[in-house]
Amino acid sequence: MVFGMIKLFNVYKNFGPKNPAIVDLSLNIEKGEFVFITGPSGAGKTTLLKIIFCSERPTSGNALVNGININRIKEKQLAFLRRKIGVVFQDFKLLPNRTVFNNVSLCLEISGVQYPIIRKKVHQTLRQLGLSKKERYYPPQLSGGEQQRVAIARAIINNPSILLADEPTGNLDPEITIEIMALLEEIHQRGTTVLVATHSQELLKDTEKKIVTLNKGRIVK
Amino acid sequence: MVFGMIKLFNVYKNFGPKNPAIVDLSLNIEKGEFVFITGPSGAGKTTLLKIIFCSERPTSGNALVNGININRIKEKQLAFLRRKIGVVFQDFKLLPNRTVFNNVSLCLEISGVQYPIIRKKVHQTLRQLGLSKKERYYPPQLSGGEQQRVAIARAIINNPSILLADEPTGNLDPEITIEIMALLEEIHQRGTTVLVATHSQELLKDTEKKIVTLNKGRIVK
Amino acid sequence: MKTSFIKYFFRQALTNISDNRTAHLLGVGTIAIAFLIFNSFILAYVNINHWADEMGKSLTMTIYFKGQPQEIEVEELKSELINIQGVTINKFVSKEEAIRSLAKELGDKEGFLKGLNENPLPASLEIVFLKADREDPLPYNIKKRLEKMDIVDEVHYSEEWAGKIEAIMGAIKLIGSVLGGLLFLATLFIITNTIKLTVFARENEIEILRLVGATNVFIKAPFLIEGSIQGLLGGLLALIMLLAGYVTVMIRADFKIGFASLDIVFISPHIAVFLLLMSMIIGLLGSSIALGRFFKA
Amino acid sequence: MKTSFIKYFFRQALTNISDNRTAHLLGVGTIAIAFLIFNSFILAYVNINHWADEMGKSLTMTIYFKGQPQEIEVEELKSELINIQGVTINKFVSKEEAIRSLAKELGDKEGFLKGLNENPLPASLEIVFLKADREDPLPYNIKKRLEKMDIVDEVHYSEEWAGKIEAIMGAIKLIGSVLGGLLFLATLFIITNTIKLTVFARENEIEILRLVGATNVFIKAPFLIEGSIQGLLGGLLALIMLLAGYVTVMIRADFKIGFASLDIVFISPHIAVFLLLMSMIIGLLGSSIALGRFFKA
Ligand SMILES: Nc1ncnc2c1ncn2[C@@H]1O[C@H](COP(=O)(O)OP(=O)(O)OP(=O)(O)O)[C@@H](O)[C@H]1O
Ligand SMILES: Nc1ncnc2c1ncn2[C@@H]1O[C@H](COP(=O)(O)OP(=O)(O)OP(=O)(O)O)[C@@H](O)[C@H]1O
Ligand SMILES: [Mg+2]
Ligand SMILES: [Mg+2]
């Protein structure tokens, strides 16, 4: 049996008895796919990404990510799996007391990359996202859109196998949005499996990518 | 001389010497107007709203809000001015350790409103925003869009004279976006001065409202 | 101030406590331990004072007899004295007992007593004035009456000694106050710091409250109430621990100085209430100081 | 462990300290005060031990002479004794001096000395054995030699007294260890709580680090280093304050017990280093305990 990059079998996630966020969800995403996840507010998009990222455990059902059963993952394994997954959180989750540079370099430092290489890579990524001038700023000193781009930079810095982007352009203007989508496409071309959760009809309008639509925790399309 | 609701005279705001956020901005918004503020990421939209809201002081220039010169405002006056201004912050700024109900009721409690009235008003507002079921949740338990709606509920609960909404639909799906915009229109009809900062071309497409476009801290249109 | 505000303040303070339960408990624990150190000191101080007082208040008078007094004479005198309010008989010492105890006192110099051809020590009767002080005229009156008696040679009243005890007590009080003051400052510092740390952790909350137009009083009040509660709980816990320690020690041990067994007293209810009030005020002060930096112009 | 990690850990610890400067300083202050209380106790303990040692080690021997000894005989004996290693002459007491000091000792019983027809007290010479202990044979040898001399009547060696001092010292050590142990626990509690409060304030930071795939070691190490530094700085500050207090007291005061003036010693460098190490370890333990709850299975 050949597993995909991300494979969910009848996954349920309940926050409390009357509060199902994910209901009987099965999904198979192959290595190198680019998938949009959409659906109304509260549909369960973020929860789905959290399950893949192992920051929430499914109430029942199984999930395989990169060949690992996330129900049985161990502490140390989890850290290593997470290094292979880049995530743009909907609320960014930047460290407010570290500079933009340090927020981004963090993901390389935890893997023990040497400082000269870190410097080079961080500079390059920040330049790609138009943040070169903001390198020494702290997140609270940035505009919403700038923070979002720092979150994107952090997610892509170490060439993850999987990229999870939760509403990555919610705070960005149309021009930058186009640039970001091009960047995600480029990363996808290099072989990364990409999942983008979004409301934006703009993004979905002319795409040929696979679209998963959620509603009340179920896949409706 | 008759003042508008919000009047800015040659306002500058610099964060550090080489970091101007607002440059020589003059603006006059009459009582009861509905104005969109748009512009690319980092243009200064949030900073402009912050100046009006007195959470940043202009580096130079004067600003009158509701007839009060915000350069000379006193501690106590400031609190009372803020109660007349409802704000939807771009990053929501909800209190994570208070329930949705308490986050929203807060704005009435600080004015000494009696509890039965608070209850009624909060329930009504949460219903309008489709959050009735989430009353007892804490913000970290909500989806991005739900949090954004709580922020909106808090901003409109005590019928402010001025409503400042910073990217209020960034995390909302198209349907809810339409509902929210209808709600803002309704509040505007009741006489509130409304300022909405947004990137969304959807919102701006067919509107007849006044649009202020910023770029690098200047009004360009 | 509307009553709805006051209700809100208390409700909010209690909510904060239960929301930040762990931090709150850590704070209360730290405060309790700091107070325990301080209170133990107060307890020790109270007891030393108590002992000194006891000793100071039991003034003694020694009546030396001429020659070898008749037993019946002594008994008569005893029964006469015992009827006087505030006087107790301590002991009668015969000439033989006197020389024996002198020999004991002299220790290795005892040998010299062999050189004596007769016992030069007088018989004596020691009486104690309970609760007397140096101004009390009673001992002086009794002394005069006794000195007129035939069988009595001399009367020594321990007035001087009482003066010494008072001086020692004064010194203990001074040293105790200085040490206690320093320890109090240390306690105050630890407690305000602890409360500061819990307040700092909620900087964000304070900021948001200001943004929605809450006045300073509105923001501060729940914190101040919370701090007071924290201080009070810490103080209470410290008192309970102290009492538990006191009881444990009292059960196990029997304290003696020389032959007099000492009773260890617990701090009086007045002092206990005072300490509790003080801990509450320190909690209030601590949070007030901690909030200070968020409310600068 | 790669060296780049170790560099990162230290860099991050220092960055954290400077980022959370206020909280860090509050923590260091609290730790310092807690240690100051503990260290003051250690200092008191060291000194009491020191005095007891001094007293215990200076064993005295009293030589009683027959009749009234010639001055030249006494001087001869003195110069002979003074040549013996470890022996010092304390004082010579003539018969007259002896009776005068007895009168003083007797206080209000002095009257009985009038009944004596001759001075029964012997002249004596007191010598001190420095650093002797009860097993040292030297005093016994000297005693034997002296007792054979014509002018000497008796020789008393304060062996028994030395036993008593040792018993008292033992008691002080026991009580001191118990009290010190309790105070140590209190200090430990205050310090770990303080560090816990500073760590809790950064719960969010720890959560984000885990989300980006940092291992436990990677997250913990900077906190542990930070805690150690905090403990060390607190301990250092406490020592400095203690030294400052010690110097102030030494300049102002002159301590006496009876007539012997007491020298107050500071804690030895060994103990100081030990206390510093201990404060560092407590800081480390404190942060380790504080982190514990974030790393449960
Ligand atoms: N920790 C939690 N506790 C309780 N309920 C939760 C929790 N997390 C999420 N939920 C609930 O689960 C539902 C799905 O949330 P989720 O964040 O997945 O929605 P979403 O599709 O990302 O929405 P949005 O587009 O608004 O971000 C929501 O109704 C939310 O309130
Ligand atoms: N506290 C601060 N310190 C330094 N620079 C700041 C601070 N706040 C804002 N800036 C800078 O000012 C500029 C304008 O920021 P602002 O938040 O007003 O942009 P914006 O128009 O709201 O952008 P976005 O659409 O991305 O939210 C940005 O370049 C930002 O980095
Ligand atoms: Mg979401
Ligand atoms: Mg903005």
# chains A, B, ... in the order shown; residues from 1 in each chain; ligands from 1
$ residues_near_ligand --ligand "ligand 1" --cutoff "8 Å" --atoms "only C-alpha atoms and all ligand atoms" --output "NGL selection string"
(:A and (14-16 or 19-22 or 38-48 or 90 or 166-167 or 197-199 or 214 or 216-217)) or (:B and (134 or 137 or 140-147 or 171-173))
$ select_by_dssp --residues "region 23-59 of chain A" --states "alpha helix (DSSP H)" --output "PDB file with all heavy atoms, in the first residue's frame"
ATOM      1  N   LYS A  45     -11.416  24.746   8.819  1.00  0.00           N
ATOM      2  CA  LYS A  45     -10.187  24.789   8.024  1.00  0.00           C
ATOM      3  C   LYS A  45      -8.943  24.800   8.913  1.00  0.00           C
ATOM      4  O   LYS A  45      -8.027  23.982   8.747  1.00  0.00           O
ATOM      5  CB  LYS A  45     -10.174  26.065   7.149  1.00  0.00           C
ATOM      6  CG  LYS A  45     -11.365  26.195   6.230  1.00  0.00           C
ATOM      7  CD  LYS A  45     -11.336  27.458   5.396  1.00  0.00           C
ATOM      8  CE  LYS A  45     -11.501  28.730   6.191  1.00  0.00           C
ATOM      9  NZ  LYS A  45     -12.814  28.851   6.890  1.00  0.00           N
ATOM     10  N   THR A  46      -8.949  25.715   9.866  1.00  0.00           N
ATOM     11  CA  THR A  46      -7.790  25.807  10.754  1.00  0.00           C
ATOM     12  C   THR A  46      -7.620  24.523  11.553  1.00  0.00           C
ATOM     13  O   THR A  46      -6.505  24.025  11.730  1.00  0.00           O
ATOM     14  CB  THR A  46      -7.945  27.021  11.697  1.00  0.00           C
ATOM     15  OG1 THR A  46      -8.047  28.198  10.900  1.00  0.00           O
ATOM     16  CG2 THR A  46      -6.763  27.151  12.632  1.00  0.00           C
ATOM     17  N   THR A  47      -8.737  23.972  12.028  1.00  0.00           N
ATOM     18  CA  THR A  47      -8.660  22.732  12.800  1.00  0.00           C
ATOM     19  C   THR A  47      -8.046  21.609  11.959  1.00  0.00           C
ATOM     20  O   THR A  47      -7.214  20.840  12.459  1.00  0.00           O
ATOM     21  CB  THR A  47     -10.060  22.328  13.293  1.00  0.00           C
ATOM     22  OG1 THR A  47     -10.636  23.442  13.988  1.00  0.00           O
ATOM     23  CG2 THR A  47      -9.991  21.143  14.231  1.00  0.00           C
ATOM     24  N   LEU A  48      -8.430  21.535  10.686  1.00  0.00           N
ATOM     25  CA  LEU A  48      -7.858  20.513   9.804  1.00  0.00           C
ATOM     26  C   LEU A  48      -6.342  20.683   9.703  1.00  0.00           C
ATOM     27  O   LEU A  48      -5.577  19.716   9.846  1.00  0.00           O
ATOM     28  CB  LEU A  48      -8.510  20.605   8.416  1.00  0.00           C
ATOM     29  CG  LEU A  48      -7.912  19.717   7.330  1.00  0.00           C
ATOM     30  CD1 LEU A  48      -7.974  18.245   7.733  1.00  0.00           C
ATOM     31  CD2 LEU A  48      -8.641  19.928   5.992  1.00  0.00           C
ATOM     32  N   LEU A  49      -5.891  21.913   9.497  1.00  0.00           N
ATOM     33  CA  LEU A  49      -4.449  22.150   9.413  1.00  0.00           C
ATOM     34  C   LEU A  49      -3.768  21.800  10.736  1.00  0.00           C
ATOM     35  O   LEU A  49      -2.675  21.227  10.745  1.00  0.00           O
ATOM     36  CB  LEU A  49      -4.169  23.612   9.041  1.00  0.00           C
ATOM     37  CG  LEU A  49      -4.655  24.071   7.655  1.00  0.00           C
ATOM     38  CD1 LEU A  49      -4.187  25.494   7.374  1.00  0.00           C
ATOM     39  CD2 LEU A  49      -4.152  23.145   6.547  1.00  0.00           C
ATOM     40  N   LYS A  50      -4.424  22.129  11.847  1.00  0.00           N
ATOM     41  CA  LYS A  50      -3.837  21.839  13.164  1.00  0.00           C
ATOM     42  C   LYS A  50      -3.662  20.339  13.370  1.00  0.00           C
ATOM     43  O   LYS A  50      -2.700  19.901  13.993  1.00  0.00           O
ATOM     44  CB  LYS A  50      -4.728  22.395  14.284  1.00  0.00           C
ATOM     45  CG  LYS A  50      -4.513  23.882  14.531  1.00  0.00           C
ATOM     46  CD  LYS A  50      -5.347  24.350  15.709  1.00  0.00           C
ATOM     47  CE  LYS A  50      -5.122  25.828  15.990  1.00  0.00           C
ATOM     48  NZ  LYS A  50      -6.160  26.351  16.921  1.00  0.00           N
ATOM     49  N   ILE A  51      -4.638  19.556  12.857  1.00  0.00           N
ATOM     50  CA  ILE A  51      -4.512  18.104  12.996  1.00  0.00           C
ATOM     51  C   ILE A  51      -3.320  17.601  12.192  1.00  0.00           C
ATOM     52  O   ILE A  51      -2.512  16.803  12.677  1.00  0.00           O
ATOM     53  CB  ILE A  51      -5.819  17.408  12.575  1.00  0.00           C
ATOM     54  CG1 ILE A  51      -6.874  17.633  13.669  1.00  0.00           C
ATOM     55  CG2 ILE A  51      -5.595  15.916  12.338  1.00  0.00           C
ATOM     56  CD1 ILE A  51      -8.254  17.178  13.295  1.00  0.00           C
ATOM     57  N   ILE A  52      -3.189  18.103  10.970  1.00  0.00           N
ATOM     58  CA  ILE A  52      -2.053  17.690  10.139  1.00  0.00           C
ATOM     59  C   ILE A  52      -0.740  18.072  10.811  1.00  0.00           C
ATOM     60  O   ILE A  52       0.252  17.349  10.774  1.00  0.00           O
ATOM     61  CB  ILE A  52      -2.153  18.339   8.736  1.00  0.00           C
ATOM     62  CG1 ILE A  52      -3.383  17.792   8.002  1.00  0.00           C
ATOM     63  CG2 ILE A  52      -0.885  18.101   7.927  1.00  0.00           C
ATOM     64  CD1 ILE A  52      -3.724  18.541   6.736  1.00  0.00           C
TER      65      ILE A  52
END
$ residues_around --residues "region 99-109 of chain A" --least-positions-apart "2" --cutoff "7 Å" --atoms "only C-alpha atoms" --output "list in words"
Leu94, Leu95, Asn97, Ser111, Gly112, Val113, Ile118, Val122, Lys134, Glu135, Arg136, Tyr137, Tyr138, Pro139, Val150, Ala153, Arg154 and Asn158 of chain A; Val212 of chain D
$ residues_around --residues "region 201-212 of chain A" --least-positions-apart "5" --cutoff "9 Å" --atoms "only C-alpha atoms" --output "list in words"
Glu33, Phe34, Val35, Phe36, Ile37, Thr38, Gly39, Thr177, Ile178, Met181, Ile219, Val220 and Lys221 of chain A; Asp173, Pro174 and Glu202 of chain B
$ write_last_selection --atoms "N, CA, C and O atoms" --output "mmCIF file, in the first residue's frame"
data_model
loop_
_atom_site.group_PDB
_atom_site.id
_atom_site.type_symbol
_atom_site.label_atom_id
_atom_site.label_comp_id
_atom_site.auth_asym_id
_atom_site.auth_seq_id
_atom_site.Cartn_x
_atom_site.Cartn_y
_atom_site.Cartn_z
ATOM 1 N N GLU A 33 1.380 17.850 -4.266
ATOM 2 C CA GLU A 33 0.119 18.469 -4.656
ATOM 3 C C GLU A 33 0.010 19.899 -4.114
ATOM 4 O O GLU A 33 0.709 20.282 -3.185
ATOM 5 N N PHE A 34 -0.894 20.673 -4.703
ATOM 6 C CA PHE A 34 -1.199 22.028 -4.236
ATOM 7 C C PHE A 34 -2.709 22.067 -4.044
ATOM 8 O O PHE A 34 -3.453 21.926 -5.003
ATOM 9 N N VAL A 35 -3.152 22.202 -2.801
ATOM 10 C CA VAL A 35 -4.581 22.102 -2.509
ATOM 11 C C VAL A 35 -5.072 23.348 -1.791
ATOM 12 O O VAL A 35 -4.413 23.835 -0.864
ATOM 13 N N PHE A 36 -6.199 23.879 -2.267
ATOM 14 C CA PHE A 36 -6.851 24.956 -1.524
ATOM 15 C C PHE A 36 -7.908 24.351 -0.617
ATOM 16 O O PHE A 36 -8.628 23.431 -1.020
ATOM 17 N N ILE A 37 -8.008 24.878 0.608
ATOM 18 C CA ILE A 37 -9.085 24.473 1.506
ATOM 19 C C ILE A 37 -9.923 25.712 1.749
ATOM 20 O O ILE A 37 -9.399 26.764 2.132
ATOM 21 N N THR A 38 -11.203 25.603 1.469
ATOM 22 C CA THR A 38 -12.041 26.782 1.649
ATOM 23 C C THR A 38 -13.318 26.405 2.388
ATOM 24 O O THR A 38 -13.499 25.250 2.791
ATOM 25 N N GLY A 39 -14.152 27.372 2.630
ATOM 26 C CA GLY A 39 -15.366 27.148 3.411
ATOM 27 C C GLY A 39 -15.615 28.335 4.305
ATOM 28 O O GLY A 39 -14.698 29.121 4.560
ATOM 29 N N THR A 177 -0.533 40.113 -2.799
ATOM 30 C CA THR A 177 -1.184 38.805 -2.839
ATOM 31 C C THR A 177 -0.741 38.018 -4.071
ATOM 32 O O THR A 177 -0.400 36.833 -3.984
ATOM 33 N N ILE A 178 -0.718 38.692 -5.207
ATOM 34 C CA ILE A 178 -0.287 38.023 -6.441
ATOM 35 C C ILE A 178 1.154 37.539 -6.321
ATOM 36 O O ILE A 178 1.482 36.399 -6.659
ATOM 37 N N MET A 181 1.292 34.509 -4.019
ATOM 38 C CA MET A 181 0.791 33.302 -4.659
ATOM 39 C C MET A 181 1.817 32.756 -5.653
ATOM 40 O O MET A 181 1.998 31.540 -5.778
ATOM 41 N N ILE A 219 -16.452 17.680 4.373
ATOM 42 C CA ILE A 219 -16.103 18.059 3.012
ATOM 43 C C ILE A 219 -17.385 18.094 2.194
ATOM 44 O O ILE A 219 -18.147 17.127 2.182
ATOM 45 N N VAL A 220 -17.657 19.235 1.580
ATOM 46 C CA VAL A 220 -18.887 19.327 0.802
ATOM 47 C C VAL A 220 -18.594 19.294 -0.699
ATOM 48 O O VAL A 220 -19.494 19.137 -1.515
ATOM 49 N N LYS A 221 -17.323 19.446 -1.062
ATOM 50 C CA LYS A 221 -17.015 19.423 -2.498
ATOM 51 C C LYS A 221 -15.554 19.014 -2.695
ATOM 52 O O LYS A 221 -14.688 19.463 -1.942
ATOM 53 N N ASP B 173 -15.529 35.039 5.267
ATOM 54 C CA ASP B 173 -15.886 34.559 3.940
ATOM 55 C C ASP B 173 -16.834 35.560 3.277
ATOM 56 O O ASP B 173 -17.426 36.412 3.934
ATOM 57 N N PRO B 174 -16.984 35.479 1.941
ATOM 58 C CA PRO B 174 -17.745 36.488 1.190
ATOM 59 C C PRO B 174 -19.148 36.716 1.740
ATOM 60 O O PRO B 174 -19.588 37.868 1.848
ATOM 61 N N GLU B 202 -12.903 43.863 -3.433
ATOM 62 C CA GLU B 202 -14.319 43.482 -3.410
ATOM 63 C C GLU B 202 -15.158 44.568 -2.764
ATOM 64 O O GLU B 202 -16.198 44.966 -3.254
#
$ residues_around --residues "Asn47 (chain D)" --least-positions-apart "2" --cutoff "8 Å" --atoms "only C-alpha atoms" --output "ChimeraX atom specification"
/D:43-45,49-51,264-266
$ atom_distance --atom1 "CA of Ala238 (chain D)" --atom2 "CA of Ala272 (chain D)"
10.5 Å
$ interface_residues --of "chain D" --to "chain A" --cutoff "9 Å" --atoms "only C-alpha atoms" --output "list in words"
Lys2, Thr3, Ser4, Phe5, Tyr8, Thr15, Asn16, Asp19, Asn20, Asn204, Glu205, Ile208, Leu209, Arg210, Leu211, Val212, Gly213, Ala214, Thr215, Asn216, Phe218 and Ala297 of chain D
$ interface_residues --of "chain C" --to "chain D" --cutoff "7 Å" --atoms "only C-alpha atoms" --output "NGL selection string"
:C and (23 or 26 or 30 or 33 or 112 or 115 or 120-121 or 186 or 190 or 193-194 or 197-198 or 201)
$ write_last_selection --atoms "N, CA and C atoms" --output "mmCIF file, in the first residue's frame"
data_model
loop_
_atom_site.group_PDB
_atom_site.id
_atom_site.type_symbol
_atom_site.label_atom_id
_atom_site.label_comp_id
_atom_site.auth_asym_id
_atom_site.auth_seq_id
_atom_site.Cartn_x
_atom_site.Cartn_y
_atom_site.Cartn_z
ATOM 1 N N ALA C 23 -0.261 31.044 39.061
ATOM 2 C CA ALA C 23 0.560 32.197 39.421
ATOM 3 C C ALA C 23 0.111 32.749 40.768
ATOM 4 N N LEU C 26 1.353 30.505 43.543
ATOM 5 C CA LEU C 26 2.793 30.708 43.723
ATOM 6 C C LEU C 26 3.035 31.984 44.516
ATOM 7 N N THR C 30 4.764 32.267 48.173
ATOM 8 C CA THR C 30 5.953 33.068 48.429
ATOM 9 C C THR C 30 5.700 34.053 49.563
ATOM 10 N N ILE C 33 5.620 32.289 52.913
ATOM 11 C CA ILE C 33 6.936 31.926 53.442
ATOM 12 C C ILE C 33 7.669 33.164 53.960
ATOM 13 N N PHE C 112 38.794 26.521 100.818
ATOM 14 C CA PHE C 112 39.078 27.574 101.790
ATOM 15 C C PHE C 112 38.093 27.578 102.959
ATOM 16 N N GLY C 115 39.054 26.520 106.492
ATOM 17 C CA GLY C 115 39.742 27.429 107.407
ATOM 18 C C GLY C 115 38.812 28.111 108.398
ATOM 19 N N PRO C 120 29.864 31.422 109.241
ATOM 20 C CA PRO C 120 29.600 32.863 109.287
ATOM 21 C C PRO C 120 28.328 33.246 108.532
ATOM 22 N N LEU C 121 27.694 32.299 107.839
ATOM 23 C CA LEU C 121 26.553 32.664 106.997
ATOM 24 C C LEU C 121 25.277 32.701 107.814
ATOM 25 N N ALA C 186 12.668 43.370 54.182
ATOM 26 C CA ALA C 186 12.945 42.257 53.274
ATOM 27 C C ALA C 186 11.649 41.585 52.846
ATOM 28 N N ILE C 190 10.148 41.302 49.077
ATOM 29 C CA ILE C 190 9.834 40.027 48.420
ATOM 30 C C ILE C 190 8.384 40.013 47.964
ATOM 31 N N ASN C 193 7.657 42.458 45.055
ATOM 32 C CA ASN C 193 8.244 41.891 43.837
ATOM 33 C C ASN C 193 7.396 40.763 43.285
ATOM 34 N N THR C 194 6.936 39.912 44.182
ATOM 35 C CA THR C 194 6.137 38.773 43.746
ATOM 36 C C THR C 194 4.860 39.261 43.072
ATOM 37 N N LEU C 197 5.558 40.734 39.678
ATOM 38 C CA LEU C 197 5.748 39.728 38.627
ATOM 39 C C LEU C 197 4.413 39.223 38.109
ATOM 40 N N THR C 198 3.429 39.034 39.016
ATOM 41 C CA THR C 198 2.135 38.554 38.534
ATOM 42 C C THR C 198 1.402 39.637 37.745
ATOM 43 N N ALA C 201 2.902 40.093 34.139
ATOM 44 C CA ALA C 201 2.493 39.051 33.205
ATOM 45 C C ALA C 201 1.189 39.435 32.524
#
$ closest_residue --among "B:Pro160, B:Ser200, B:Arg57, B:Leu126" --to "chain A" --atoms "only C-alpha atoms"
B:Ser200
$ atom_distance --atom1 "CA of Leu233 (chain C)" --atom2 "CA of Gly227 (chain D)"
27.7 Å
$ closest_residue --among "B:Phe92, B:Leu184, B:Arg190, B:Arg127" --to "ligand 4" --atoms "only C-alpha atoms and all ligand atoms"
B:Phe92
$ closest_residue --among "A:Pro17, A:Gly61, A:Pro116, A:Gly130" --to "chain B" --atoms "only C-alpha atoms"
A:Gly130
$ closest_residue --among "A:Lys133, A:Lys120, A:Lys13, A:Lys31" --to "chain B" --atoms "only C-alpha atoms"
A:Lys133
$ atom_distance --atom1 "CA of Asn62 (chain B)" --atom2 "atom 14 (C, counted along the ligand's line) of ligand 2"
18.9 Å
$ select_by_dssp --residues "region 160-218 of chain B" --states "strand (DSSP E)" --output "tab-separated table (two decimals) with N, CA and C atoms, in the first residue's frame"
chain	number	residue	atom	x	y	z
B	162	ILE	N	-18.09	57.37	16.63
B	162	ILE	CA	-17.14	57.08	15.55
B	162	ILE	C	-16.84	55.58	15.59
B	163	LEU	N	-16.80	54.95	14.43
B	163	LEU	CA	-16.43	53.54	14.36
B	163	LEU	C	-15.21	53.42	13.46
B	164	LEU	N	-14.12	52.89	14.02
B	164	LEU	CA	-12.90	52.68	13.24
B	164	LEU	C	-12.75	51.17	13.05
B	165	ALA	N	-12.73	50.72	11.80
B	165	ALA	CA	-12.63	49.29	11.58
B	165	ALA	C	-11.42	49.01	10.69
B	166	ASP	N	-10.45	48.30	11.27
B	166	ASP	CA	-9.19	48.05	10.57
B	166	ASP	C	-9.24	46.65	9.95
B	193	THR	N	-20.15	58.04	12.46
B	193	THR	CA	-19.10	58.28	11.48
B	193	THR	C	-18.29	56.99	11.37
B	194	VAL	N	-18.14	56.46	10.17
B	194	VAL	CA	-17.48	55.16	10.02
B	194	VAL	C	-16.23	55.29	9.15
B	195	LEU	N	-15.11	54.75	9.64
B	195	LEU	CA	-13.89	54.67	8.84
B	195	LEU	C	-13.51	53.20	8.73
B	196	VAL	N	-13.35	52.72	7.51
B	196	VAL	CA	-12.96	51.33	7.31
B	196	VAL	C	-11.65	51.27	6.54
B	197	ALA	N	-10.62	50.70	7.14
B	197	ALA	CA	-9.35	50.50	6.43
B	197	ALA	C	-9.39	49.11	5.82
B	210	LYS	N	-16.82	57.60	0.00
B	210	LYS	CA	-15.55	58.30	-0.18
B	210	LYS	C	-14.40	57.29	0.06
B	211	ILE	N	-13.40	57.30	-0.81
B	211	ILE	CA	-12.25	56.40	-0.64
B	211	ILE	C	-10.99	57.24	-0.50
B	212	VAL	N	-10.25	57.03	0.59
B	212	VAL	CA	-8.96	57.71	0.77
B	212	VAL	C	-7.89	56.67	0.51
B	213	THR	N	-7.04	56.92	-0.48
B	213	THR	CA	-5.97	55.96	-0.77
B	213	THR	C	-4.65	56.50	-0.26
B	214	LEU	N	-3.97	55.69	0.57
B	214	LEU	CA	-2.67	56.08	1.11
B	214	LEU	C	-1.57	55.31	0.40
B	215	ASN	N	-0.40	55.93	0.32
B	215	ASN	CA	0.80	55.20	-0.11
B	215	ASN	C	2.00	55.84	0.53
B	218	ARG	N	1.29	58.97	2.52
B	218	ARG	CA	0.67	60.15	1.92
B	218	ARG	C	-0.66	59.77	1.29
$ closest_residue --among "B:Glu30, B:Val23, B:Val88, B:Gly191" --to "ligand 4" --atoms "only C-alpha atoms and all ligand atoms"
B:Val88
$ closest_residue --among "B:Ile73, B:Lys121, B:Thr59, B:Pro168" --to "chain A" --atoms "only C-alpha atoms"
B:Pro168
